[in-house]
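Notes to accompany the following structure.
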Amino acid sequence: MLESVFGQPSWRIGTPTVELAVAEQGGHIGPVRFLFEDCVIAPYHIAPWWNEPETVAGLPPMMQSLRGDFLCLPFGSNDVAFGGEQHPPHGESSNERWRLEGILHEAGRTVLHVSLATRVRAGRIDKRITLVENHHAIYSEHALSGMSGPISPGHHAMLAFPEEPGSGVISTSPFVWARTAPEPLERPENPGYSFLAADASFERLDAVPAITGESVDLTRYPARRGYEDLAMIVSDPSLDVAWTAVTFPRAGYVWFALKDPRVLRNTIFWFSNGGRHYAPWNSRHKNVLGLEEVTAYFHYGLAGSADNNPLQADGFPTVLNAEVDKPLVIRYIMAVQPVPAGFDRVERIVPEADGSQVRLVSASGMEVVAPLNVGFITDVDA
């Protein structure tokens, strides 16, 4: 049954360890509450205009719902048509209304199953959001069927950071390519502002070229108030599982995400810190970090990802190939784990041999264990 959640008709599901809502419009997940004995952690961002009817009425559906995480298919602006397909920003999957197929409760699992019949590229997407008893995790699966041709999918997780500068520490599994956006994400004439140097390569997240000629540290956030920026890395495809993590030492927890780096090959970092001075952003969209796991060429949509681009020229694919008779399955895990004082940032995430949990290892040498079904990512039959 649908109920209004932050202005959007949504389905709610929950377990004793996780509660969440999924918006009918665009399938956006949020808010999410991770429940622990001594605290509740709600890490995801919800756009500040959710309760402004006049603002919302003039926005594309995706922007009306903007919250938490959602599937983009295809990822990006999609300003340019591809092969006669004119997709909306971040695709129909982020904008259209999903249909409830059922909510299943069995064997320690709760599964929300919704579907979407796509029209721009005719086909079907089946979304299953699974919560597992005693796991502080969201297991997200999207199965694409009936489609053919190149497609550039992506997840769009957005975290809300505390006001304190540098309160979150970002880290990732090894990567093999890294660059800032080919052009500034924002320009003063729009009006908006970007701080990172355009089309600049880098080898470390803590040493990235800026327009001032200095190097800046992207691992500490919030930072660079008044700017909007994008950077992208290519995950090491030899890894069984790639990961992205944000440690909040003062708040005492880690948010982390796992993916198959051969399905979602790249991570786009969207640093949104008040750099857009036009509606509906109006300089108030601050302390937000998008950790967007994609196979795409930055935010340039299907045309930019399927056509020749510098990333493909460097040997890194920016699309997946959909086949009519073979469903394409995209799986993604997002989780939260409390950490003790002294746990500074995630250095490694190590799956245990039996696949029932992961060890989060900090740069300071501390370890914590989180129950997790890593086979959801690594085992196609999971």
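Just so we're on the same page: first chain in the structure tokens is A, next is B, and so on; residues restart at 1 for each chain, and ligands are numbered from 1 in the order they show up.
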Give one line per residue of segment 250-343 of chain A that approaches segment 366-381 of chain A to at most 9 Å, naming the two atoms of the closest pair and their distance in Å to one decimal, counting only C-alpha atoms; sort by chain then ascending residue number and deliver it as CSV.
```
residue,atom,partner,partner_atom,distance
A:Leu258,CA,A:Ile377,CA,7.6
A:Lys259,CA,A:Ile377,CA,6.3
A:Asp260,CA,A:Ile377,CA,6.2
A:Val329,CA,A:Val380,CA,8.6
A:Ile330,CA,A:Ile377,CA,8.9
A:Arg331,CA,A:Ile377,CA,6.1
A:Tyr332,CA,A:Ile377,CA,6.9
A:Ile333,CA,A:Ile377,CA,7.8
A:Ala335,CA,A:Leu372,CA,8.6
A:Val336,CA,A:Ala370,CA,8.4
A:Gln337,CA,A:Ala370,CA,6.4
A:Pro338,CA,A:Val368,CA,8.3
A:Val339,CA,A:Val368,CA,6.7
A:Pro340,CA,A:Val368,CA,8.4
A:Gly342,CA,A:Met366,CA,7.6
A:Phe343,CA,A:Met366,CA,6.1
```
Within 6 Å of segment 178-200 of chain A, which residues of segment 266-303 of chain A come that close, and what is the closest atom pair and distance in Å for each? Count only C-alpha atoms and give it as a tab-separated table.
```
residue	atom	partner	partner_atom	distance
A:Gly275	CA	A:Tyr193	CA	5.2
A:Arg276	CA	A:Gly192	CA	4.5
A:His277	CA	A:Gly192	CA	5.7
```
Could you write those residues out with C-alpha atoms, as a PDB file, in the first residue's frame?
```
ATOM      1  CA  GLY A 275      27.717  25.733  -6.290  1.00  0.00           C
ATOM      2  CA  ARG A 276      24.442  25.991  -8.219  1.00  0.00           C
ATOM      3  CA  HIS A 277      22.810  29.379  -7.859  1.00  0.00           C
TER       4      HIS A 277
END
```
For Asp126 of chain A, find every residue with an atom within 7 Å (counting only C-alpha atoms), except residues of its own chain fewer than 6 positions away, and show them as a ChimeraX atom specification. /A:114-116,142-144
Could you save those same residues with C-alpha atoms as a CSV table (one decimal), in the first residue's frame?
```
chain,number,residue,atom,x,y,z
A,114,VAL,CA,8.4,-3.6,-8.5
A,115,SER,CA,8.6,-3.4,-12.3
A,116,LEU,CA,8.7,-0.8,-15.1
A,142,HIS,CA,17.6,-4.7,-11.4
A,143,ALA,CA,17.0,-7.2,-14.1
A,144,LEU,CA,16.6,-5.8,-17.6
```
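Shortest separation to Pro150 of chain A among A:Glu96, A:Glu214, A:Asp307, A:Asp236 occurs at residue A:Asp307, atoms counted being only C-alpha atoms.
Pairwise distance (atom CA of Ser65 of chain A, atom CA of Gly26 of chain A) equals 7.0 Å.
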Could you find all residues in segment 166-367 of chain A that DSSP calls strand (DSSP E) from the backbone, and write them as a PyMOL selection string? chain A and resi 168-172+175-180+208-209+215-216+220-221+227-235+242-248+253-259+266-273+288-294+320-322+328-338+346-351+357-362+367
Closest atom pairs, residues of segment 238-322 of chain A within 12 Å of segment 155-160 of chain A, only C-alpha atoms, as JSON lines:
```
{"residue": "A:Thr244", "atom": "CA", "partner": "A:Ala157", "partner_atom": "CA", "distance": 11.0}
{"residue": "A:Ala245", "atom": "CA", "partner": "A:Leu159", "partner_atom": "CA", "distance": 11.1}
{"residue": "A:Val246", "atom": "CA", "partner": "A:Leu159", "partner_atom": "CA", "distance": 9.3}
{"residue": "A:Thr247", "atom": "CA", "partner": "A:Leu159", "partner_atom": "CA", "distance": 11.7}
{"residue": "A:Phe248", "atom": "CA", "partner": "A:Ala160", "partner_atom": "CA", "distance": 11.4}
{"residue": "A:Val254", "atom": "CA", "partner": "A:Leu159", "partner_atom": "CA", "distance": 11.7}
{"residue": "A:Trp255", "atom": "CA", "partner": "A:Leu159", "partner_atom": "CA", "distance": 9.0}
{"residue": "A:Phe256", "atom": "CA", "partner": "A:Ala157", "partner_atom": "CA", "distance": 10.7}
{"residue": "A:Ala257", "atom": "CA", "partner": "A:Ala157", "partner_atom": "CA", "distance": 9.4}
{"residue": "A:Leu258", "atom": "CA", "partner": "A:His155", "partner_atom": "CA", "distance": 11.6}
{"residue": "A:Lys259", "atom": "CA", "partner": "A:His155", "partner_atom": "CA", "distance": 10.3}
{"residue": "A:Val263", "atom": "CA", "partner": "A:His155", "partner_atom": "CA", "distance": 11.4}
{"residue": "A:Leu264", "atom": "CA", "partner": "A:His155", "partner_atom": "CA", "distance": 8.6}
{"residue": "A:Arg265", "atom": "CA", "partner": "A:His155", "partner_atom": "CA", "distance": 11.3}
{"residue": "A:Asn266", "atom": "CA", "partner": "A:His155", "partner_atom": "CA", "distance": 10.5}
{"residue": "A:Thr267", "atom": "CA", "partner": "A:His155", "partner_atom": "CA", "distance": 9.4}
{"residue": "A:Ile268", "atom": "CA", "partner": "A:His156", "partner_atom": "CA", "distance": 9.1}
{"residue": "A:Phe269", "atom": "CA", "partner": "A:Met158", "partner_atom": "CA", "distance": 9.8}
{"residue": "A:Trp270", "atom": "CA", "partner": "A:Met158", "partner_atom": "CA", "distance": 8.7}
{"residue": "A:Phe271", "atom": "CA", "partner": "A:Met158", "partner_atom": "CA", "distance": 9.8}
{"residue": "A:Ser272", "atom": "CA", "partner": "A:Met158", "partner_atom": "CA", "distance": 9.8}
{"residue": "A:Asn273", "atom": "CA", "partner": "A:Ala160", "partner_atom": "CA", "distance": 10.6}
{"residue": "A:His285", "atom": "CA", "partner": "A:Ala160", "partner_atom": "CA", "distance": 10.1}
{"residue": "A:Lys286", "atom": "CA", "partner": "A:Ala160", "partner_atom": "CA", "distance": 8.5}
{"residue": "A:Asn287", "atom": "CA", "partner": "A:Ala160", "partner_atom": "CA", "distance": 6.1}
{"residue": "A:Val288", "atom": "CA", "partner": "A:Ala160", "partner_atom": "CA", "distance": 5.0}
{"residue": "A:Leu289", "atom": "CA", "partner": "A:Leu159", "partner_atom": "CA", "distance": 5.3}
{"residue": "A:Gly290", "atom": "CA", "partner": "A:Met158", "partner_atom": "CA", "distance": 4.3}
{"residue": "A:Leu291", "atom": "CA", "partner": "A:Ala157", "partner_atom": "CA", "distance": 5.4}
{"residue": "A:Glu292", "atom": "CA", "partner": "A:His156", "partner_atom": "CA", "distance": 4.6}
{"residue": "A:Glu293", "atom": "CA", "partner": "A:His155", "partner_atom": "CA", "distance": 5.2}
{"residue": "A:Val294", "atom": "CA", "partner": "A:His155", "partner_atom": "CA", "distance": 6.2}
{"residue": "A:Thr295", "atom": "CA", "partner": "A:His155", "partner_atom": "CA", "distance": 9.5}
{"residue": "A:Ala296", "atom": "CA", "partner": "A:His155", "partner_atom": "CA", "distance": 10.9}
{"residue": "A:His299", "atom": "CA", "partner": "A:His156", "partner_atom": "CA", "distance": 11.4}
```
Which residues, written as a PyMOL selection string, have at least one atom at most 7 Å from Arg348 of chain A, with only C-alpha atoms counted and residues fewer than 5 positions away on the same chain left out? chain A and resi 360-362
Set the distance at 10 Å and use only C-alpha atoms: which residues neighbour Pro74 of chain A once local chain neighbours fewer than 3 positions away are removed? I'd like the list as JSON, numbers by chain. {"A": [71, 77, 78, 87, 88, 89, 90, 91, 92, 93, 94, 150, 151, 152, 153, 154, 294, 295, 296, 299, 300, 301, 302, 303, 305, 319]}
Keeping C-alpha atoms for every residue in the selection just given, could you write it to a file as a short mmCIF file (atom, residue, chain, number, x, y, z; two decimals), in the first residue's frame?
```cif
data_model
loop_
_atom_site.label_atom_id
_atom_site.label_comp_id
_atom_site.auth_asym_id
_atom_site.auth_seq_id
_atom_site.Cartn_x
_atom_site.Cartn_y
_atom_site.Cartn_z
CA LEU A 71 18.78 3.30 -10.91
CA SER A 77 21.75 14.15 -18.97
CA ASN A 78 20.76 12.42 -22.24
CA HIS A 87 15.86 9.40 -23.05
CA PRO A 88 14.94 11.75 -20.19
CA PRO A 89 17.64 12.80 -17.70
CA HIS A 90 18.91 9.61 -16.02
CA GLY A 91 16.38 7.59 -18.02
CA GLU A 92 12.81 6.42 -17.60
CA SER A 93 13.88 4.29 -14.64
CA SER A 94 14.49 7.49 -12.62
CA PRO A 150 24.25 -0.50 -25.83
CA ILE A 151 23.08 0.80 -22.48
CA SER A 152 24.84 2.86 -19.81
CA PRO A 153 23.42 2.02 -16.36
CA GLY A 154 24.24 3.60 -13.05
CA VAL A 294 28.06 3.39 -13.32
CA THR A 295 29.19 2.04 -16.65
CA ALA A 296 29.11 5.34 -18.50
CA HIS A 299 27.26 12.44 -17.12
CA TYR A 300 26.97 12.73 -20.90
CA GLY A 301 24.17 10.23 -21.34
CA LEU A 302 23.82 7.26 -23.66
CA ALA A 303 25.07 9.13 -26.74
CA SER A 305 28.81 6.75 -23.55
CA VAL A 319 28.42 0.75 -22.07
#
```
